[in-house]
Amino acid sequence: MKRFAIAVDGPAGSGKSTVAKMVARKLGIIYVDTGAMYRTVALHCTQEGISLEDEAAVVASLDGLNMRIQPDTEGQRIFLNEEDVTAKIRTAEIGKGASVVAAYQKVRERMVELQQEMAREQSVIMDGRDIGTVVLPHAEVKIYLDADAEERAHRRVGELEAKGETADFEEIKKMIIQRDYNDMHREHSPLKKAEDAVSLDSTGMSIEEVLQAILDITAERVREK
Ligand code: DC
């Protein structure tokens, strides 16, 4: 089959990464989690004592940052200057920081370049906020995955608790709503549905149902070509 790309965008906790991983496994293609890249920038700055609000310093820090992404059957592993930070970037605090650094155009340019490079040679399913609009505007399949904030907060609490972290539901819900607001209202590449994306609202849907819906859309679009 010809090389193809699936772009999945949507707000935090809509189920993008869980389902994208399943699609990748099912279709034997590479899964790229672009949020992990912005999280890694935030982690790097935090570790270096750089204020995330200081745009110039955050941008300058990119020069000392070597990011390597390694696809894996269990999802993707991400390395920061050769340290595996896959687990370290999964905190609510780093998620919030990622949303701050993701607003800077120079940071985005660097990440988008890396993302486009990964999709050049191989079929991918990539999730994020600007994949269908900016990173892969010619993707064969574009999905905009949403769910109501209450349900998304429940899922995030579940994920954090599964990792042994304590999580306060109201706190997490507030953070999610704030983060979505930032991501949708920033100047550069805000989160929005691409005109040609298919909207899926996963509220009340099981993950298997979301998976099947994406597989059906993909079969249709990729066969059409
Ligand atoms: O999907 P996530 O929670 O890991 O993403 C973390 C933050 O990174 C998110 O709040 C916004 C930003 N992000 C982005 O701006 N563009 C992307 N393609 C992916 C993530």
# chains A, B, ... in the order shown; residues from 1 in each chain; ligands from 1
>>> residues_around(residues="stretch 98-103 of chain A", least_positions_apart="3", cutoff="9 Å", atoms="only C-alpha atoms", output="PDB file with N, CA, C and O atoms, in the first residue's frame")
ATOM      1  N   GLY A  35       2.810  15.725  21.397  1.00  0.00           N
ATOM      2  CA  GLY A  35       2.719  16.407  22.698  1.00  0.00           C
ATOM      3  C   GLY A  35       3.948  16.100  23.548  1.00  0.00           C
ATOM      4  O   GLY A  35       4.449  16.948  24.296  1.00  0.00           O
ATOM      5  N   ALA A  36       4.459  14.859  23.402  1.00  0.00           N
ATOM      6  CA  ALA A  36       5.643  14.451  24.172  1.00  0.00           C
ATOM      7  C   ALA A  36       6.835  15.355  23.857  1.00  0.00           C
ATOM      8  O   ALA A  36       7.699  15.593  24.696  1.00  0.00           O
ATOM      9  N   MET A  37       6.865  15.866  22.626  1.00  0.00           N
ATOM     10  CA  MET A  37       7.993  16.712  22.225  1.00  0.00           C
ATOM     11  C   MET A  37       7.939  18.057  22.952  1.00  0.00           C
ATOM     12  O   MET A  37       8.955  18.551  23.451  1.00  0.00           O
ATOM     13  N   TYR A  38       6.749  18.651  23.030  1.00  0.00           N
ATOM     14  CA  TYR A  38       6.606  19.922  23.760  1.00  0.00           C
ATOM     15  C   TYR A  38       6.819  19.702  25.259  1.00  0.00           C
ATOM     16  O   TYR A  38       7.364  20.547  25.961  1.00  0.00           O
ATOM     17  N   ARG A  39       6.385  18.543  25.742  1.00  0.00           N
ATOM     18  CA  ARG A  39       6.616  18.215  27.153  1.00  0.00           C
ATOM     19  C   ARG A  39       8.123  18.109  27.434  1.00  0.00           C
ATOM     20  O   ARG A  39       8.606  18.519  28.490  1.00  0.00           O
ATOM     21  N   THR A  40       8.860  17.546  26.482  1.00  0.00           N
ATOM     22  CA  THR A  40      10.302  17.376  26.670  1.00  0.00           C
ATOM     23  C   THR A  40      11.010  18.726  26.697  1.00  0.00           C
ATOM     24  O   THR A  40      11.946  18.935  27.476  1.00  0.00           O
ATOM     25  N   VAL A  41      10.542  19.664  25.882  1.00  0.00           N
ATOM     26  CA  VAL A  41      11.109  21.020  25.927  1.00  0.00           C
ATOM     27  C   VAL A  41      10.855  21.623  27.313  1.00  0.00           C
ATOM     28  O   VAL A  41      11.754  22.209  27.937  1.00  0.00           O
ATOM     29  N   ALA A  42       9.636  21.448  27.822  1.00  0.00           N
ATOM     30  CA  ALA A  42       9.294  21.998  29.143  1.00  0.00           C
ATOM     31  C   ALA A  42      10.153  21.354  30.238  1.00  0.00           C
ATOM     32  O   ALA A  42      10.654  22.036  31.140  1.00  0.00           O
ATOM     33  N   LEU A  43      10.346  20.045  30.136  1.00  0.00           N
ATOM     34  CA  LEU A  43      11.166  19.344  31.131  1.00  0.00           C
ATOM     35  C   LEU A  43      12.604  19.854  31.093  1.00  0.00           C
ATOM     36  O   LEU A  43      13.217  20.129  32.136  1.00  0.00           O
ATOM     37  N   LEU A  52       9.791  29.212  32.202  1.00  0.00           N
ATOM     38  CA  LEU A  52       9.035  28.902  30.990  1.00  0.00           C
ATOM     39  C   LEU A  52       8.388  30.140  30.400  1.00  0.00           C
ATOM     40  O   LEU A  52       8.038  30.167  29.224  1.00  0.00           O
ATOM     41  N   GLU A  53       8.250  31.162  31.220  1.00  0.00           N
ATOM     42  CA  GLU A  53       7.637  32.419  30.741  1.00  0.00           C
ATOM     43  C   GLU A  53       8.630  33.259  29.934  1.00  0.00           C
ATOM     44  O   GLU A  53       8.247  34.209  29.276  1.00  0.00           O
ATOM     45  N   GLU A  55      10.427  33.676  27.009  1.00  0.00           N
ATOM     46  CA  GLU A  55      10.437  33.116  25.644  1.00  0.00           C
ATOM     47  C   GLU A  55      11.841  33.041  25.047  1.00  0.00           C
ATOM     48  O   GLU A  55      12.234  32.010  24.495  1.00  0.00           O
ATOM     49  N   VAL A  58      13.814  30.256  26.612  1.00  0.00           N
ATOM     50  CA  VAL A  58      13.303  28.931  26.218  1.00  0.00           C
ATOM     51  C   VAL A  58      13.788  28.614  24.797  1.00  0.00           C
ATOM     52  O   VAL A  58      14.288  27.521  24.532  1.00  0.00           O
ATOM     53  N   VAL A  59      13.681  29.599  23.902  1.00  0.00           N
ATOM     54  CA  VAL A  59      14.113  29.390  22.513  1.00  0.00           C
ATOM     55  C   VAL A  59      15.617  29.115  22.468  1.00  0.00           C
ATOM     56  O   VAL A  59      16.073  28.199  21.774  1.00  0.00           O
ATOM     57  N   GLU A  93       2.043  18.770  35.834  1.00  0.00           N
ATOM     58  CA  GLU A  93       2.841  19.995  35.852  1.00  0.00           C
ATOM     59  C   GLU A  93       3.592  20.197  34.531  1.00  0.00           C
ATOM     60  O   GLU A  93       3.609  21.289  33.964  1.00  0.00           O
ATOM     61  N   ILE A  94       4.180  19.122  34.030  1.00  0.00           N
ATOM     62  CA  ILE A  94       4.906  19.221  32.752  1.00  0.00           C
ATOM     63  C   ILE A  94       3.916  19.444  31.604  1.00  0.00           C
ATOM     64  O   ILE A  94       4.217  20.145  30.638  1.00  0.00           O
ATOM     65  N   GLY A  95       2.713  18.899  31.726  1.00  0.00           N
ATOM     66  CA  GLY A  95       1.686  19.124  30.708  1.00  0.00           C
ATOM     67  C   GLY A  95       1.350  20.606  30.618  1.00  0.00           C
ATOM     68  O   GLY A  95       1.223  21.174  29.534  1.00  0.00           O
ATOM     69  N   VAL A 107       9.764  27.635  18.931  1.00  0.00           N
ATOM     70  CA  VAL A 107       9.704  26.268  19.470  1.00  0.00           C
ATOM     71  C   VAL A 107       8.893  25.405  18.509  1.00  0.00           C
ATOM     72  O   VAL A 107       9.301  24.306  18.122  1.00  0.00           O
ATOM     73  N   ARG A 108       7.759  25.941  18.071  1.00  0.00           N
ATOM     74  CA  ARG A 108       6.896  25.181  17.165  1.00  0.00           C
ATOM     75  C   ARG A 108       7.607  24.866  15.848  1.00  0.00           C
ATOM     76  O   ARG A 108       7.537  23.761  15.348  1.00  0.00           O
ATOM     77  N   ARG A 179      -5.810  24.647  30.118  1.00  0.00           N
ATOM     78  CA  ARG A 179      -4.843  24.250  29.087  1.00  0.00           C
ATOM     79  C   ARG A 179      -5.494  24.293  27.704  1.00  0.00           C
ATOM     80  O   ARG A 179      -4.913  24.790  26.743  1.00  0.00           O
ATOM     81  N   ASP A 180      -6.728  23.817  27.611  1.00  0.00           N
ATOM     82  CA  ASP A 180      -7.417  23.870  26.313  1.00  0.00           C
ATOM     83  C   ASP A 180      -7.622  25.314  25.882  1.00  0.00           C
ATOM     84  O   ASP A 180      -7.483  25.635  24.702  1.00  0.00           O
ATOM     85  N   ASN A 182      -5.725  27.875  26.600  1.00  0.00           N
ATOM     86  CA  ASN A 182      -4.422  28.349  26.097  1.00  0.00           C
ATOM     87  C   ASN A 182      -4.165  27.818  24.696  1.00  0.00           C
ATOM     88  O   ASN A 182      -3.742  28.548  23.806  1.00  0.00           O
ATOM     89  N   ASP A 183      -4.389  26.508  24.519  1.00  0.00           N
ATOM     90  CA  ASP A 183      -4.052  25.873  23.242  1.00  0.00           C
ATOM     91  C   ASP A 183      -4.952  26.372  22.107  1.00  0.00           C
ATOM     92  O   ASP A 183      -4.525  26.434  20.956  1.00  0.00           O
ATOM     93  N   ARG A 186      -4.031  30.608  21.479  1.00  0.00           N
ATOM     94  CA  ARG A 186      -2.695  31.165  21.233  1.00  0.00           C
ATOM     95  C   ARG A 186      -2.619  31.692  19.797  1.00  0.00           C
ATOM     96  O   ARG A 186      -3.412  31.294  18.937  1.00  0.00           O
ATOM     97  N   GLU A 187      -1.601  32.524  19.579  1.00  0.00           N
ATOM     98  CA  GLU A 187      -1.470  33.183  18.277  1.00  0.00           C
ATOM     99  C   GLU A 187      -1.019  32.201  17.176  1.00  0.00           C
ATOM    100  O   GLU A 187      -1.522  32.217  16.061  1.00  0.00           O
ATOM    101  N   HIS A 188      -0.049  31.354  17.513  1.00  0.00           N
ATOM    102  CA  HIS A 188       0.532  30.480  16.491  1.00  0.00           C
ATOM    103  C   HIS A 188      -0.056  29.072  16.523  1.00  0.00           C
ATOM    104  O   HIS A 188      -0.023  28.412  17.557  1.00  0.00           O
ATOM    105  N   SER A 189      -0.559  28.611  15.408  1.00  0.00           N
ATOM    106  CA  SER A 189      -1.094  27.254  15.266  1.00  0.00           C
ATOM    107  C   SER A 189      -2.004  26.836  16.417  1.00  0.00           C
ATOM    108  O   SER A 189      -1.749  25.812  17.062  1.00  0.00           O
ATOM    109  N   PRO A 190      -3.048  27.591  16.701  1.00  0.00           N
ATOM    110  CA  PRO A 190      -3.940  27.178  17.793  1.00  0.00           C
ATOM    111  C   PRO A 190      -4.649  25.865  17.464  1.00  0.00           C
ATOM    112  O   PRO A 190      -4.761  25.506  16.281  1.00  0.00           O
TER     113      PRO A 190
END
>>> residues_around(residues="A:Glu140", least_positions_apart="4", cutoff="12 Å", atoms="only C-alpha atoms", output="number ranges by chain")
A: 2-8, 123-125, 131-132, 136, 196-198, 217-225
>>> write_last_selection(atoms="C-alpha atoms", output="compact mmCIF listing (two decimals), in the first residue's frame")
# COMPACT_ATOMS: atom_id res chain seq x y z
CA LYS A 2 1.12 3.53 -0.73
CA ARG A 3 2.49 5.57 2.16
CA PHE A 4 -0.24 7.47 4.01
CA ALA A 5 -0.72 9.65 7.08
CA ILE A 6 -3.40 9.90 9.73
CA ALA A 7 -3.60 13.18 11.68
CA VAL A 8 -5.38 13.17 15.03
CA SER A 123 3.21 5.81 7.09
CA VAL A 124 2.36 7.44 10.40
CA ILE A 125 -0.44 8.25 12.76
CA ILE A 131 -1.30 18.06 12.85
CA GLY A 132 -4.16 18.32 10.36
CA LEU A 136 0.49 17.29 7.77
CA ASP A 196 -11.46 18.55 6.07
CA ALA A 197 -11.19 16.68 9.40
CA VAL A 198 -13.84 14.24 10.57
CA ILE A 217 -12.55 6.18 7.89
CA THR A 218 -8.97 5.16 7.06
CA ALA A 219 -10.07 2.18 4.95
CA GLU A 220 -12.38 4.44 3.00
CA ARG A 221 -9.89 7.27 2.47
CA VAL A 222 -6.84 5.19 1.72
CA ARG A 223 -8.69 2.92 -0.71
CA GLU A 224 -10.13 5.94 -2.49
CA LYS A 225 -6.68 7.17 -3.47
>>> closest_residue(among="A:Leu62, A:Ala149, A:Cys45, A:Ile143", to="A:Lys106", atoms="only C-alpha atoms")
A:Leu62
>>> atom_distance(atom1="atom 16 (N, counted along the ligand's line) of ligand 1", atom2="atom CA of A:Asp130")
5.6 Å
>>> closest_residue(among="A:Glu165, A:Asp33, A:Glu48, A:Asp72", to="ligand 1", atoms="only C-alpha atoms and all ligand atoms")
A:Asp33
>>> closest_residue(among="A:Glu74, A:Glu170, A:Asp54, A:Glu195", to="A:His138", atoms="only C-alpha atoms")
A:Glu195
>>> residues_around(residues="A:Glu208", least_positions_apart="6", cutoff="12 Å", atoms="only C-alpha atoms", output="ChimeraX atom specification")
/A:15,18-20,22-23,26,202,214-215
